[in-house]
file start13.cif (mmCIF, C-alpha atoms)
data_input
#
loop_
_atom_site.label_atom_id
_atom_site.label_comp_id
_atom_site.auth_asym_id
_atom_site.auth_seq_id
_atom_site.Cartn_x
_atom_site.Cartn_y
_atom_site.Cartn_z
CA MET A 1 -22.65 -18.76 -7.32
CA ASP A 2 -20.06 -21.02 -8.92
CA GLY A 3 -17.96 -19.67 -11.72
CA LYS A 4 -17.40 -16.17 -10.38
CA THR A 5 -13.90 -14.76 -10.60
CA VAL A 6 -12.83 -12.67 -7.63
CA ALA A 7 -9.74 -10.47 -7.84
CA ILE A 8 -8.02 -10.02 -4.48
CA ILE A 9 -5.47 -7.25 -4.16
CA GLY A 10 -2.80 -8.19 -1.62
CA ALA A 11 -1.40 -11.54 -0.45
CA GLY A 12 -1.02 -10.70 3.22
CA PRO A 13 -2.73 -12.64 6.02
CA VAL A 14 -6.20 -11.24 5.26
CA GLY A 15 -5.73 -11.44 1.49
CA LEU A 16 -4.80 -15.12 1.67
CA ALA A 17 -7.73 -15.73 4.03
CA ALA A 18 -10.03 -14.06 1.51
CA ALA A 19 -8.74 -16.36 -1.22
CA ALA A 20 -9.37 -19.39 1.02
CA HIS A 21 -12.97 -18.32 1.68
CA VAL A 22 -13.61 -17.53 -2.00
CA LEU A 23 -12.21 -20.91 -3.02
CA GLU A 24 -14.27 -22.69 -0.38
CA ARG A 25 -17.37 -21.05 -1.83
CA GLY A 26 -16.68 -22.60 -5.25
CA MET A 27 -15.46 -19.39 -6.85
CA SER A 28 -12.11 -18.60 -8.46
CA PRO A 29 -9.75 -16.23 -6.64
CA ILE A 30 -6.93 -14.40 -8.37
CA VAL A 31 -4.54 -12.79 -5.88
CA LEU A 32 -2.41 -9.88 -7.10
CA GLU A 33 0.58 -9.18 -4.86
CA ALA A 34 2.85 -6.20 -5.50
CA GLY A 35 5.80 -7.79 -3.69
CA PRO A 36 8.03 -10.62 -4.90
CA GLU A 37 6.34 -13.14 -2.60
CA ALA A 38 3.28 -13.51 -0.43
CA ALA A 39 3.21 -11.59 2.87
CA HIS A 40 5.64 -8.99 1.53
CA ALA A 41 4.52 -6.33 4.02
CA VAL A 42 4.73 -8.72 6.98
CA ARG A 43 8.34 -9.40 6.02
CA GLN A 44 9.09 -5.75 6.74
CA TRP A 45 8.12 -6.18 10.41
CA GLN A 46 8.97 -9.83 10.96
CA HIS A 47 11.06 -8.92 14.04
CA VAL A 48 7.92 -7.70 15.85
CA GLN A 49 5.96 -9.91 18.22
CA LEU A 50 2.20 -9.79 17.70
CA PHE A 51 -0.06 -8.68 20.53
CA SER A 52 -2.53 -11.46 19.82
CA PRO A 53 -1.84 -15.19 20.27
CA TRP A 54 -2.05 -17.74 17.47
CA GLU A 55 -5.75 -18.41 18.13
CA TYR A 56 -6.52 -14.94 16.72
CA ASN A 57 -4.08 -15.12 13.81
CA VAL A 58 -5.15 -18.23 11.89
CA ASP A 59 -8.21 -17.95 9.67
CA LYS A 60 -10.59 -20.92 9.84
CA ALA A 61 -11.02 -21.39 6.09
CA ALA A 62 -7.25 -21.14 5.64
CA ALA A 63 -6.76 -23.78 8.35
CA ARG A 64 -9.21 -26.10 6.55
CA LEU A 65 -7.26 -25.57 3.33
CA LEU A 66 -3.99 -26.37 5.09
CA ALA A 67 -5.23 -29.49 6.88
CA PRO A 68 -4.71 -31.96 3.98
CA THR A 69 -1.06 -30.86 3.67
CA GLY A 70 -0.19 -32.21 7.11
CA TRP A 71 0.12 -28.73 8.55
CA ASN A 72 0.25 -28.55 12.33
CA SER A 73 -1.50 -25.64 13.96
CA PRO A 74 0.77 -23.74 16.37
CA ASP A 75 -0.02 -23.56 20.09
CA PRO A 76 -3.07 -21.28 20.14
CA SER A 77 -1.95 -19.55 23.35
CA SER A 78 1.57 -18.60 22.22
CA TYR A 79 2.48 -15.27 20.61
CA PRO A 80 4.22 -15.35 17.23
CA THR A 81 6.58 -12.84 15.74
CA GLY A 82 5.92 -11.64 12.22
CA GLY A 83 8.64 -14.02 11.03
CA GLU A 84 7.00 -16.98 12.77
CA LEU A 85 3.64 -15.98 11.30
CA ILE A 86 5.22 -16.25 7.85
CA GLU A 87 7.19 -19.43 8.46
CA ARG A 88 4.52 -21.44 10.26
CA TYR A 89 1.35 -20.20 8.57
CA LEU A 90 1.53 -17.80 5.63
CA ASP A 91 4.28 -19.50 3.61
CA PRO A 92 2.64 -22.95 3.86
CA LEU A 93 -0.72 -21.42 2.94
CA ALA A 94 0.73 -19.67 -0.10
CA THR A 95 2.96 -22.50 -1.34
CA ARG A 96 1.48 -25.86 -0.25
CA THR A 97 -2.22 -25.40 -0.97
CA PRO A 98 -4.17 -24.80 -4.21
CA LEU A 99 -3.66 -21.07 -3.59
CA ARG A 100 -0.15 -21.36 -5.02
CA GLU A 101 -1.68 -21.48 -8.51
CA MET A 102 -3.81 -18.40 -7.85
CA ILE A 103 -1.22 -15.92 -6.52
CA ARG A 104 0.49 -13.59 -8.98
CA THR A 105 3.50 -11.98 -7.32
CA SER A 106 5.36 -8.84 -8.45
CA SER A 107 2.00 -7.68 -9.80
CA ARG A 108 1.24 -4.12 -8.72
CA VAL A 109 -2.31 -2.94 -9.44
CA THR A 110 -2.26 0.42 -11.23
CA SER A 111 -5.96 1.04 -11.93
CA ILE A 112 -9.44 -0.50 -11.71
CA SER A 113 -12.58 0.32 -13.66
CA ARG A 114 -15.65 -1.33 -15.21
CA ALA A 115 -15.16 -2.74 -18.68
CA GLY A 116 -16.57 -0.17 -21.09
CA PHE A 117 -17.71 2.21 -18.32
CA ASP A 118 -16.07 5.31 -16.94
CA LYS A 119 -16.99 6.57 -13.50
CA ALA A 120 -19.82 8.81 -14.74
CA LYS A 121 -21.72 6.19 -16.75
CA THR A 122 -24.48 4.37 -14.85
CA LYS A 123 -26.94 2.42 -17.01
CA GLY A 124 -25.87 -1.23 -17.21
CA ARG A 125 -22.87 -0.61 -14.97
CA GLU A 126 -23.59 -3.39 -12.50
CA GLN A 127 -23.51 -6.04 -15.20
CA ALA A 128 -20.10 -5.00 -16.53
CA PRO A 129 -17.08 -6.92 -15.20
CA PHE A 130 -14.30 -5.15 -13.40
CA GLU A 131 -11.17 -4.44 -15.39
CA ILE A 132 -8.01 -4.56 -13.30
CA ARG A 133 -4.75 -3.33 -14.76
CA TYR A 134 -1.48 -4.27 -13.14
CA GLN A 135 2.23 -4.10 -13.81
CA ASN A 136 4.63 -7.02 -13.59
CA GLY A 137 8.06 -7.88 -14.93
CA LYS A 138 6.70 -8.41 -18.44
CA GLY A 139 4.97 -5.03 -18.54
CA PRO A 140 1.32 -3.95 -18.24
CA GLU A 141 -1.29 -6.72 -17.83
CA MET A 142 -5.06 -6.77 -17.52
CA LEU A 143 -7.63 -9.14 -16.08
CA ARG A 144 -11.39 -9.08 -15.69
CA ALA A 145 -13.28 -10.18 -12.60
CA ASP A 146 -16.85 -10.35 -11.31
CA ALA A 147 -15.85 -8.89 -7.93
CA VAL A 148 -12.85 -7.18 -6.37
CA ILE A 149 -11.64 -7.17 -2.77
CA ASP A 150 -8.93 -4.62 -2.06
CA ILE A 151 -6.81 -5.87 0.84
CA SER A 152 -3.64 -4.05 -0.15
CA GLY A 153 -3.06 -2.64 3.33
CA THR A 154 -1.37 0.61 4.30
CA TRP A 155 2.18 -0.40 5.26
CA PHE A 156 3.79 1.28 2.27
CA SER A 157 1.98 4.59 2.72
CA PRO A 158 3.02 5.80 6.18
CA ASN A 159 1.91 9.10 7.64
CA PRO A 160 4.52 11.87 7.51
CA ALA A 161 6.16 13.59 10.47
CA GLY A 162 4.28 16.87 10.12
CA SER A 163 1.63 17.38 12.77
CA ASN A 164 -0.72 18.86 10.15
CA GLY A 165 -0.80 15.65 8.09
CA LEU A 166 1.71 17.01 5.57
CA PRO A 167 5.41 16.23 5.42
CA ALA A 168 7.36 18.54 7.71
CA ILE A 169 9.29 21.21 5.85
CA GLY A 170 12.58 19.57 4.89
CA GLU A 171 11.36 16.03 5.64
CA ARG A 172 11.46 14.77 2.06
CA GLU A 173 14.99 16.09 1.55
CA ARG A 174 16.35 14.10 4.51
CA THR A 175 14.82 10.66 4.04
CA ASP A 176 18.30 9.09 4.27
CA ARG A 177 18.13 9.66 8.04
CA ILE A 178 14.40 9.19 8.52
CA ALA A 179 12.78 5.77 8.91
CA TYR A 180 9.05 5.03 9.05
CA GLY A 181 6.96 2.44 10.85
CA MET A 182 8.87 0.10 13.13
CA PRO A 183 12.40 -0.60 11.85
CA ASP A 184 14.42 -3.46 13.31
CA VAL A 185 16.75 -1.29 15.39
CA ARG A 186 18.43 -4.22 17.15
CA GLY A 187 18.69 -6.47 14.09
CA ALA A 188 18.86 -5.41 10.46
CA GLY A 189 19.11 -1.73 11.41
CA ARG A 190 21.56 -2.13 14.28
CA ALA A 191 24.52 -0.50 12.52
CA ARG A 192 22.37 2.48 11.62
CA PHE A 193 21.01 3.19 15.10
CA ALA A 194 23.60 1.85 17.58
CA GLY A 195 25.47 4.58 19.43
CA LYS A 196 23.22 7.29 17.98
CA ILE A 197 20.74 9.78 19.38
CA VAL A 198 17.47 8.50 17.93
CA ALA A 199 14.17 10.35 18.09
CA VAL A 200 10.93 8.39 17.80
CA LEU A 201 7.81 10.36 16.90
CA GLY A 202 4.45 8.82 17.78
CA ALA A 203 2.30 7.54 20.62
CA GLY A 204 1.03 4.19 19.34
CA HIS A 205 2.25 0.64 19.79
CA SER A 206 4.84 0.93 17.01
CA ALA A 207 6.45 3.93 18.68
CA VAL A 208 6.35 2.29 22.11
CA GLY A 209 7.83 -0.98 20.81
CA THR A 210 10.60 0.85 18.97
CA LEU A 211 11.50 2.90 22.06
CA ILE A 212 11.68 -0.25 24.17
CA ASP A 213 14.02 -1.80 21.59
CA LEU A 214 16.17 1.34 21.62
CA VAL A 215 16.48 1.17 25.41
CA GLN A 216 17.66 -2.42 25.07
CA LEU A 217 20.05 -1.36 22.31
CA ALA A 218 21.42 1.33 24.65
CA ASP A 219 22.32 -1.40 27.15
CA GLU A 220 24.23 -3.22 24.39
CA ALA A 221 25.71 -0.22 22.54
CA PRO A 222 26.83 2.69 24.74
CA GLY A 223 25.95 6.09 23.36
CA THR A 224 22.52 5.06 22.09
CA GLN A 225 20.02 7.63 23.34
CA PRO A 226 16.27 7.27 22.68
CA VAL A 227 14.21 10.47 22.55
CA TRP A 228 10.42 10.25 22.52
CA LEU A 229 8.68 13.02 20.58
CA LEU A 230 5.05 13.14 21.62
CA ARG A 231 2.48 15.41 19.97
CA GLY A 232 0.16 15.23 22.97
CA ALA A 233 0.67 16.44 26.51
CA ASP A 234 0.11 13.21 28.49
CA PRO A 235 2.61 10.34 28.03
CA ALA A 236 0.40 8.05 30.14
CA LYS A 237 -2.11 7.75 27.31
CA ALA A 238 0.42 5.64 25.42
CA PHE A 239 0.74 3.13 28.28
CA GLY A 240 -2.56 1.40 27.44
CA GLY A 241 -4.83 -0.68 29.63
CA GLY A 242 -2.20 -2.70 31.45
CA ARG A 243 -3.74 -5.67 33.23
CA ASN A 244 -7.21 -4.69 32.01
CA ASP A 245 -6.22 -5.44 28.41
CA LYS A 246 -7.57 -8.83 27.34
CA LEU A 247 -4.64 -9.05 24.90
CA ALA A 248 -2.05 -9.59 27.62
CA ALA A 249 1.00 -8.92 25.44
CA ARG A 250 -0.35 -5.52 24.48
CA GLY A 251 -1.04 -4.60 28.10
CA GLU A 252 2.42 -5.80 29.15
CA LEU A 253 4.06 -3.68 26.46
CA GLY A 254 2.50 -0.51 27.83
CA SER A 255 3.36 -1.41 31.41
CA ALA A 256 6.98 -2.17 30.52
CA PHE A 257 7.29 1.11 28.66
CA ALA A 258 5.78 3.09 31.54
CA ALA A 259 8.46 1.65 33.83
CA LEU A 260 11.25 2.67 31.43
CA VAL A 261 9.92 6.22 31.18
CA ALA A 262 9.61 6.45 34.97
CA ALA A 263 13.21 5.25 35.31
CA GLY A 264 14.45 8.00 33.01
CA LYS A 265 15.59 5.58 30.30
CA VAL A 266 13.78 7.59 27.64
CA GLU A 267 14.01 11.35 27.18
CA VAL A 268 10.46 12.67 26.72
CA GLU A 269 9.45 15.75 24.75
CA THR A 270 5.70 16.41 25.04
CA LYS A 271 3.55 18.81 23.01
CA PHE A 272 6.04 18.39 20.19
CA GLY A 273 4.24 18.94 16.88
CA VAL A 274 6.97 18.63 14.24
CA THR A 275 7.00 21.41 11.65
CA HIS A 276 10.56 21.46 10.27
CA VAL A 277 13.42 19.02 9.73
CA SER A 278 16.77 20.55 8.84
CA GLU A 279 20.48 19.83 9.11
CA SER A 280 22.67 21.10 11.93
CA GLU A 281 26.38 20.28 11.89
CA GLY A 282 25.80 16.89 10.30
CA ARG A 283 22.81 16.00 12.48
CA LEU A 284 19.06 16.42 12.22
CA LYS A 285 17.44 19.44 13.76
CA ILE A 286 13.78 18.65 14.42
CA ALA A 287 11.70 21.71 15.21
CA ALA A 288 8.24 22.20 16.66
CA GLY A 289 6.72 25.60 16.06
CA ALA A 290 6.01 28.20 13.44
CA CYS A 291 9.58 28.39 12.19
CA CYS A 292 12.81 26.45 12.39
CA GLY A 293 14.08 28.68 15.16
CA ALA A 294 11.36 27.42 17.51
CA ARG A 295 11.70 24.64 20.09
CA ASN A 296 13.89 21.88 18.68
CA VAL A 297 15.91 18.74 19.37
CA ILE A 298 19.16 17.66 17.73
CA VAL A 299 19.43 13.95 16.86
CA ASP A 300 21.23 11.59 14.50
CA GLU A 301 18.19 9.68 13.28
CA LEU A 302 14.40 10.12 13.27
CA ILE A 303 11.88 7.28 13.30
CA VAL A 304 8.38 8.37 12.34
CA SER A 305 5.83 6.01 13.93
CA THR A 306 2.69 8.07 13.38
CA GLY A 307 0.58 5.44 11.68
CA PHE A 308 -0.43 4.86 8.10
CA ARG A 309 -2.98 6.00 5.56
CA PRO A 310 -4.70 4.23 2.65
CA ASP A 311 -3.72 4.72 -0.98
CA PHE A 312 -6.72 5.21 -3.28
CA SER A 313 -4.74 6.46 -6.27
CA PHE A 314 -5.55 3.42 -8.42
CA GLN A 315 -9.29 3.57 -7.69
CA SER A 316 -10.20 6.95 -9.17
CA GLU A 317 -12.65 5.38 -11.65
CA LEU A 318 -14.62 3.53 -8.95
CA ARG A 319 -17.57 4.85 -6.99
CA LEU A 320 -16.29 4.74 -3.43
CA ARG A 321 -18.18 5.87 -0.33
CA LEU A 322 -15.56 6.98 2.17
CA ASP A 323 -15.75 9.04 5.32
CA PRO A 324 -14.06 12.36 4.52
CA ALA A 325 -12.05 12.40 7.74
CA ILE A 326 -11.20 8.77 8.54
CA GLU A 327 -11.11 7.56 4.90
CA ALA A 328 -12.90 4.37 5.90
CA PRO A 329 -16.20 3.12 4.42
CA VAL A 330 -18.93 5.44 5.70
CA ALA A 331 -20.79 2.73 7.64
CA LEU A 332 -17.62 1.66 9.45
CA ALA A 333 -16.06 5.04 10.17
CA PRO A 334 -18.24 6.02 13.18
CA LEU A 335 -17.29 2.76 14.91
CA ILE A 336 -13.54 3.36 14.66
CA ASP A 337 -13.19 7.15 14.64
CA PRO A 338 -10.12 7.83 16.86
CA ASN A 339 -11.66 11.16 17.84
CA GLU A 340 -14.34 9.16 19.64
CA HIS A 341 -12.75 5.77 20.35
CA SER A 342 -9.33 4.75 21.58
CA CYS A 343 -10.32 1.09 21.93
CA GLY A 344 -8.42 -1.58 20.04
CA THR A 345 -11.57 -3.44 19.05
CA VAL A 346 -14.78 -2.67 17.24
CA ARG A 347 -18.05 -4.50 16.76
CA PRO A 348 -17.47 -7.32 14.23
CA HIS A 349 -18.60 -6.27 10.79
CA GLY A 350 -18.61 -7.50 7.22
CA ALA A 351 -19.95 -6.99 3.72
CA ARG A 352 -22.71 -4.58 4.70
CA GLU A 353 -20.31 -2.08 6.27
CA LEU A 354 -17.55 -2.58 3.70
CA SER A 355 -19.48 -2.28 0.44
CA HIS A 356 -19.56 0.82 -1.76
CA ASP A 357 -21.69 2.35 -4.49
CA GLU A 358 -19.79 0.04 -6.84
CA PRO A 359 -21.57 -3.33 -6.44
CA GLY A 360 -19.08 -6.16 -6.14
CA PHE A 361 -16.24 -3.98 -4.88
CA TYR A 362 -15.05 -4.12 -1.26
CA ILE A 363 -12.18 -2.75 0.80
CA ALA A 364 -11.11 -5.02 3.67
CA GLY A 365 -8.24 -5.53 6.07
CA MET A 366 -6.16 -2.70 7.46
CA LYS A 367 -7.04 -0.47 4.51
CA SER A 368 -10.72 -0.61 5.44
CA TYR A 369 -9.88 1.22 8.68
CA GLY A 370 -8.54 4.20 6.73
CA ARG A 371 -6.53 6.34 9.13
CA ALA A 372 -7.81 4.66 12.30
CA PRO A 373 -5.09 2.66 14.11
CA THR A 374 -7.09 -0.03 15.90
CA PHE A 375 -7.24 -2.92 13.42
CA LEU A 376 -6.84 -6.53 14.57
CA MET A 377 -6.03 -9.35 12.14
CA VAL A 378 -8.92 -11.50 13.32
CA THR A 379 -11.27 -8.63 12.44
CA GLY A 380 -10.04 -8.90 8.85
CA TYR A 381 -10.72 -12.63 8.79
CA GLU A 382 -14.33 -12.00 9.79
CA GLN A 383 -14.59 -9.27 7.16
CA VAL A 384 -13.53 -11.51 4.28
CA ARG A 385 -15.64 -14.44 5.48
CA SER A 386 -18.68 -12.19 5.24
CA ILE A 387 -17.61 -10.67 1.91
CA ALA A 388 -17.02 -14.05 0.28
CA ALA A 389 -20.49 -15.14 1.39
CA ASP A 390 -21.98 -11.93 0.00
CA ILE A 391 -20.31 -12.36 -3.39
CA ALA A 392 -21.53 -15.97 -3.50
CA GLY A 393 -25.10 -14.80 -2.86
CA ASP A 394 -25.39 -16.23 0.65
CA LYS A 395 -26.82 -13.11 2.25
CA ALA A 396 -27.70 -14.85 5.53
CA ALA A 397 -24.10 -15.94 6.09
CA ALA A 398 -22.85 -12.52 5.06
CA ALA A 399 -25.02 -10.85 7.70
CA ARG A 400 -24.21 -13.36 10.43
CA VAL A 401 -21.59 -12.46 13.06
CA GLU A 402 -19.14 -15.27 13.79
CA LEU A 403 -16.63 -13.45 15.95
CA VAL A 404 -16.33 -12.15 19.51
CA LEU A 405 -13.36 -9.86 20.03
CA PRO A 406 -11.24 -9.37 23.15
CA GLU A 407 -11.60 -6.04 24.91
CA THR A 408 -8.70 -3.61 25.18
CA GLY A 409 -8.79 -2.53 28.79
CA VAL A 410 -8.90 1.22 29.38
CA CYS A 411 -10.37 3.12 26.47
CA THR A 412 -12.27 6.29 25.74
CA ARG A 413 -15.52 6.94 23.98
CA GLY A 414 -16.42 10.53 23.22
CA GLY A 415 -13.61 11.69 25.49
CA VAL A 416 -14.90 9.72 28.52
CA GLU A 417 -12.60 7.06 29.95
CA SER A 418 -14.00 3.65 30.82
CA THR A 419 -12.50 0.38 32.03
CA ALA A 420 -13.34 -2.60 29.89
CA ALA A 421 -12.53 -5.12 32.58
CA SER A 422 -15.32 -3.87 34.81
CA GLY A 423 -17.79 -2.69 32.24
CA CYS A 424 -17.32 -4.48 28.92
CA CYS A 425 -15.53 -7.75 29.50
CA GLY A 426 -17.80 -10.01 27.52
CA GLY A 427 -16.92 -8.87 24.01
CA PRO A 428 -18.81 -6.29 21.97
CA THR A 429 -22.52 -6.67 21.51
CA THR A 430 -23.56 -7.92 18.10
CA GLU A 431 -26.75 -5.92 17.86
CA ASP A 432 -27.80 -2.27 17.83
CA VAL A 433 -28.98 -2.34 21.43
CA SER A 434 -28.39 -0.42 24.64
CA ALA A 435 -25.68 -2.74 25.91
CA CYS A 436 -21.96 -2.33 26.37
CA CYS A 437 -21.04 -5.90 25.42
CA ALA A 438 -22.32 -9.38 24.68
CA ALA A 439 -22.53 -10.41 28.34
CA ASP A 440 -24.41 -7.24 29.19
CA GLU A 441 -26.93 -7.88 26.42
CA THR A 442 -27.45 -11.46 27.64
CA ALA A 443 -28.12 -10.17 31.16
CA LYS A 444 -30.57 -7.57 29.90
CA LYS A 445 -32.50 -10.19 27.93
CA ALA A 446 -32.74 -12.28 31.10
CA GLY A 447 -34.33 -9.35 32.91
CA ALA A 448 -31.31 -8.37 34.98
CA SER A 449 -30.35 -4.78 35.57
CA GLY A 450 -26.92 -3.21 35.40
CA CYS A 451 -23.98 -4.65 33.52
CA GLY A 452 -23.99 -8.40 33.13
CA CYS A 453 -20.20 -8.46 32.91
CA SER A 454 -19.57 -7.66 36.55
#

call {"tool": "encode", "arguments": {"input": "start13.cif", "output": "structure tokens"}}
result
Amino acid sequence: MDGKTVAIIGAGPVGLAAAAHVLERGMSPIVLEAGPEAAHAVRQWQHVQLFSPWEYNVDKAAARLLAPTGWNSPDPSSYPTGGELIERYLDPLATRTPLREMIRTSSRVTSISRAGFDKAKTKGREQAPFEIRYQNGKGPEMLRADAVIDISGTWFSPNPAGSNGLPAIGERERTDRIAYGMPDVRGAGRARFAGKIVAVLGAGHSAVGTLIDLVQLADEAPGTQPVWLLRGADPAKAFGGGRNDKLAARGELGSAFAALVAAGKVEVETKFGVTHVSESEGRLKIAAGACCGARNVIVDELIVSTGFRPDFSFQSELRLRLDPAIEAPVALAPLIDPNEHSCGTVRPHGARELSHDEPGFYIAGMKSYGRAPTFLMVTGYEQVRSIAADIAGDKAAAARVELVLPETGVCTRGGVESTAASGCCGGPTTEDVSACCAADETAKKAGASGCGCS
């Protein structure tokens, strides 16, 4: 329906894509970005190369919006860094298209409710507009919207070092020597990390990438010593699917890291659940165990790469339906639960899985995955395409699947390891059927037996 105002929280890649789809549907997007410019979170990891090539990182509606500006699409098979993603795609999208008039930067959302309705009041609730309060340089502001899409991400709410989900004892008091996420150890952070003993806690791609960078830094700056702190017992689980990974850069990262570990370039501490962080003769003493006298390592710096978690603090007056463990929408959580899945992809999904008991409100992008670590940018583009269609009243388009994702290689489901290259190479199935992937489902419909991928 024309005339609807849609508030979009976050001007990252998926937030800008959402604005493009909303605009294309004849509605009015208002994008609220907490940072001083669009893609503020991406700028924090612009030194990192993406695992997916350009073909998976450009949204189709955004590309259509860019076309009249003379924008040239990058080589779809090449892999951008975060900085290149900004320079060649996100900055032009935010500054050279009609979206430039719709983005409000330095505007941090502080709360959302329904105009005239608190959380407990029901009758007439659906007809009331959303009231979004935000803070900018002038002070508190307010706007009203017919729908809200929260795409604020999770980058600025990293998980702590403690293995129980809480900050380790002493962690908050020593943040001057603790970094989170994936700092640029060879660039902006070089002076901080060069020549130091640096522990990296985590087993995901951010931890692996940081450890590889530290090994390279050690070649350039003698005295640099990377130490890998791993909560689990098996380092090989962090090496990924290798050649079986359809995202080649991601598979190569794991293979390269496995070689460095085998060569002794990285000190490995397994079964290391951090409980305490204290000071020891001017260094950090990181302990694993019931007390600070337990097993420990002494380092100069700690990098915590244990993932991120969503921030729902400004949504306390909304009726959200979230899985209590994963903190993702309840319909999506079973598909991405890391207790059951280690795959980097999930069946494409949209408005149906991302809606809540608050009609017109959606959580999309990385935040929609809650505490699960497997999000791909192209998944977010499909999410917001579907959501924009749903808000516009085009239920058929909202329900339609317009995306086939690459498989990850070796993954686990329910604790059982499988190899995607031999069993699920055709992309996930788009229906609730007894098939492992799209090619398998096609084969089954044709009357064939076994997996149609092989």

call {"tool": "residues_around", "arguments": {"input": "start13.cif", "residues": "A:Gly10", "least_positions_apart": "2", "cutoff": "7 Å", "atoms": "only C-alpha atoms", "output": "PDB file with C-alpha atoms, in the coordinates of the input"}}
result
ATOM      1  CA  ILE A   8      -8.020 -10.020  -4.480  1.00  0.00           C
ATOM      2  CA  GLY A  12      -1.020 -10.700   3.220  1.00  0.00           C
ATOM      3  CA  GLY A  15      -5.730 -11.440   1.490  1.00  0.00           C
ATOM      4  CA  VAL A  31      -4.540 -12.790  -5.880  1.00  0.00           C
ATOM      5  CA  LEU A  32      -2.410  -9.880  -7.100  1.00  0.00           C
ATOM      6  CA  GLU A  33       0.580  -9.180  -4.860  1.00  0.00           C
ATOM      7  CA  ILE A 151      -6.810  -5.870   0.840  1.00  0.00           C
ATOM      8  CA  SER A 152      -3.640  -4.050  -0.150  1.00  0.00           C
TER       9      SER A 152
END

call {"tool": "residues_near_point", "arguments": {"input": "start13.cif", "point": "(14.5, 12.2, 2.5)", "cutoff": "12 Å", "atoms": "all atoms listed in the file", "output": "mmCIF file with C-alpha atoms, in the coordinates of the input"}}
result
data_model
loop_
_atom_site.group_PDB
_atom_site.id
_atom_site.type_symbol
_atom_site.label_atom_id
_atom_site.label_comp_id
_atom_site.auth_asym_id
_atom_site.auth_seq_id
_atom_site.Cartn_x
_atom_site.Cartn_y
_atom_site.Cartn_z
ATOM 1 C CA PRO A 160 4.520 11.870 7.510
ATOM 2 C CA ALA A 161 6.160 13.590 10.470
ATOM 3 C CA PRO A 167 5.410 16.230 5.420
ATOM 4 C CA ALA A 168 7.360 18.540 7.710
ATOM 5 C CA ILE A 169 9.290 21.210 5.850
ATOM 6 C CA GLY A 170 12.580 19.570 4.890
ATOM 7 C CA GLU A 171 11.360 16.030 5.640
ATOM 8 C CA ARG A 172 11.460 14.770 2.060
ATOM 9 C CA GLU A 173 14.990 16.090 1.550
ATOM 10 C CA ARG A 174 16.350 14.100 4.510
ATOM 11 C CA THR A 175 14.820 10.660 4.040
ATOM 12 C CA ASP A 176 18.300 9.090 4.270
ATOM 13 C CA ARG A 177 18.130 9.660 8.040
ATOM 14 C CA ILE A 178 14.400 9.190 8.520
ATOM 15 C CA ALA A 179 12.780 5.770 8.910
ATOM 16 C CA TYR A 180 9.050 5.030 9.050
ATOM 17 C CA VAL A 277 13.420 19.020 9.730
ATOM 18 C CA SER A 278 16.770 20.550 8.840
ATOM 19 C CA GLU A 279 20.480 19.830 9.110
ATOM 20 C CA LEU A 284 19.060 16.420 12.220
ATOM 21 C CA GLU A 301 18.190 9.680 13.280
ATOM 22 C CA LEU A 302 14.400 10.120 13.270
#

call {"tool": "resolve_selection", "arguments": {"input": "start13.cif", "expression": "the PyMOL selection byres ((chain A and resi 257) around 9)", "output": "ChimeraX atom specification"}}
result
/A:208-209,211-212,238-239,252-256,258-262

call {"tool": "resolve_selection", "arguments": {"input": "start13.cif", "expression": "the PyMOL selection byres ((chain A and resi 34-41) around 6)", "output": "VMD selection string"}}
result
chain A and resid 11 to 12 33 42 to 44 105 to 108

call {"tool": "resolve_selection", "arguments": {"input": "start13.cif", "expression": "the PyMOL selection byres ((chain A and resi 365) around 7)", "output": "PyMOL selection string"}}
result
chain A and resi 14+151+153+364+366-368+380

call {"tool": "closest_residue", "arguments": {"input": "start13.cif", "among": "A:Ser313, A:Glu126, A:Leu230, A:Asp394", "to": "A:Asp357", "atoms": "all atoms listed in the file"}}
result
A:Glu126

call {"tool": "closest_atom_pairs", "arguments": {"input": "start13.cif", "of": "stretch 273-390 of chain A", "to": "stretch 57-79 of chain A", "cutoff": "9 Å", "atoms": "only C-alpha atoms", "output": "Markdown table"}}
result
| residue | atom | partner | partner_atom | distance |
| --- | --- | --- | --- | --- |
| A:Met377 | CA | A:Asn57 | CA | 6.3 |
| A:Val378 | CA | A:Asn57 | CA | 6.1 |
| A:Tyr381 | CA | A:Asp59 | CA | 5.9 |
| A:Glu382 | CA | A:Asp59 | CA | 8.5 |
| A:Arg385 | CA | A:Ala61 | CA | 8.4 |

call {"tool": "atom_distance", "arguments": {"input": "start13.cif", "atom1": "atom CA of A:Ala236", "atom2": "atom CA of A:Val200"}}
result
16.2 Å

call {"tool": "residues_near_point", "arguments": {"input": "start13.cif", "point": "(20.1, 0.6, 16.3)", "cutoff": "12 Å", "atoms": "all atoms listed in the file", "output": "PyMOL selection string"}}
result
chain A and resi 179+182-199+210-226+300-303

call {"tool": "closest_residue", "arguments": {"input": "start13.cif", "among": "A:Ala19, A:Leu90, A:Met27, A:Val304", "to": "A:Ile149", "atoms": "all atoms listed in the file"}}
result
A:Ala19

call {"tool": "atom_distance", "arguments": {"input": "start13.cif", "atom1": "atom CA of A:Thr154", "atom2": "atom CA of A:Glu327"}}
result
12.0 Å

call {"tool": "closest_residue", "arguments": {"input": "start13.cif", "among": "A:Leu354, A:Val297, A:Lys123, A:Val227", "to": "A:Lys265", "atoms": "all atoms listed in the file"}}
result
A:Val227

call {"tool": "atom_distance", "arguments": {"input": "start13.cif", "atom1": "atom CA of A:Arg319", "atom2": "atom CA of A:Ile363"}}
result
12.1 Å
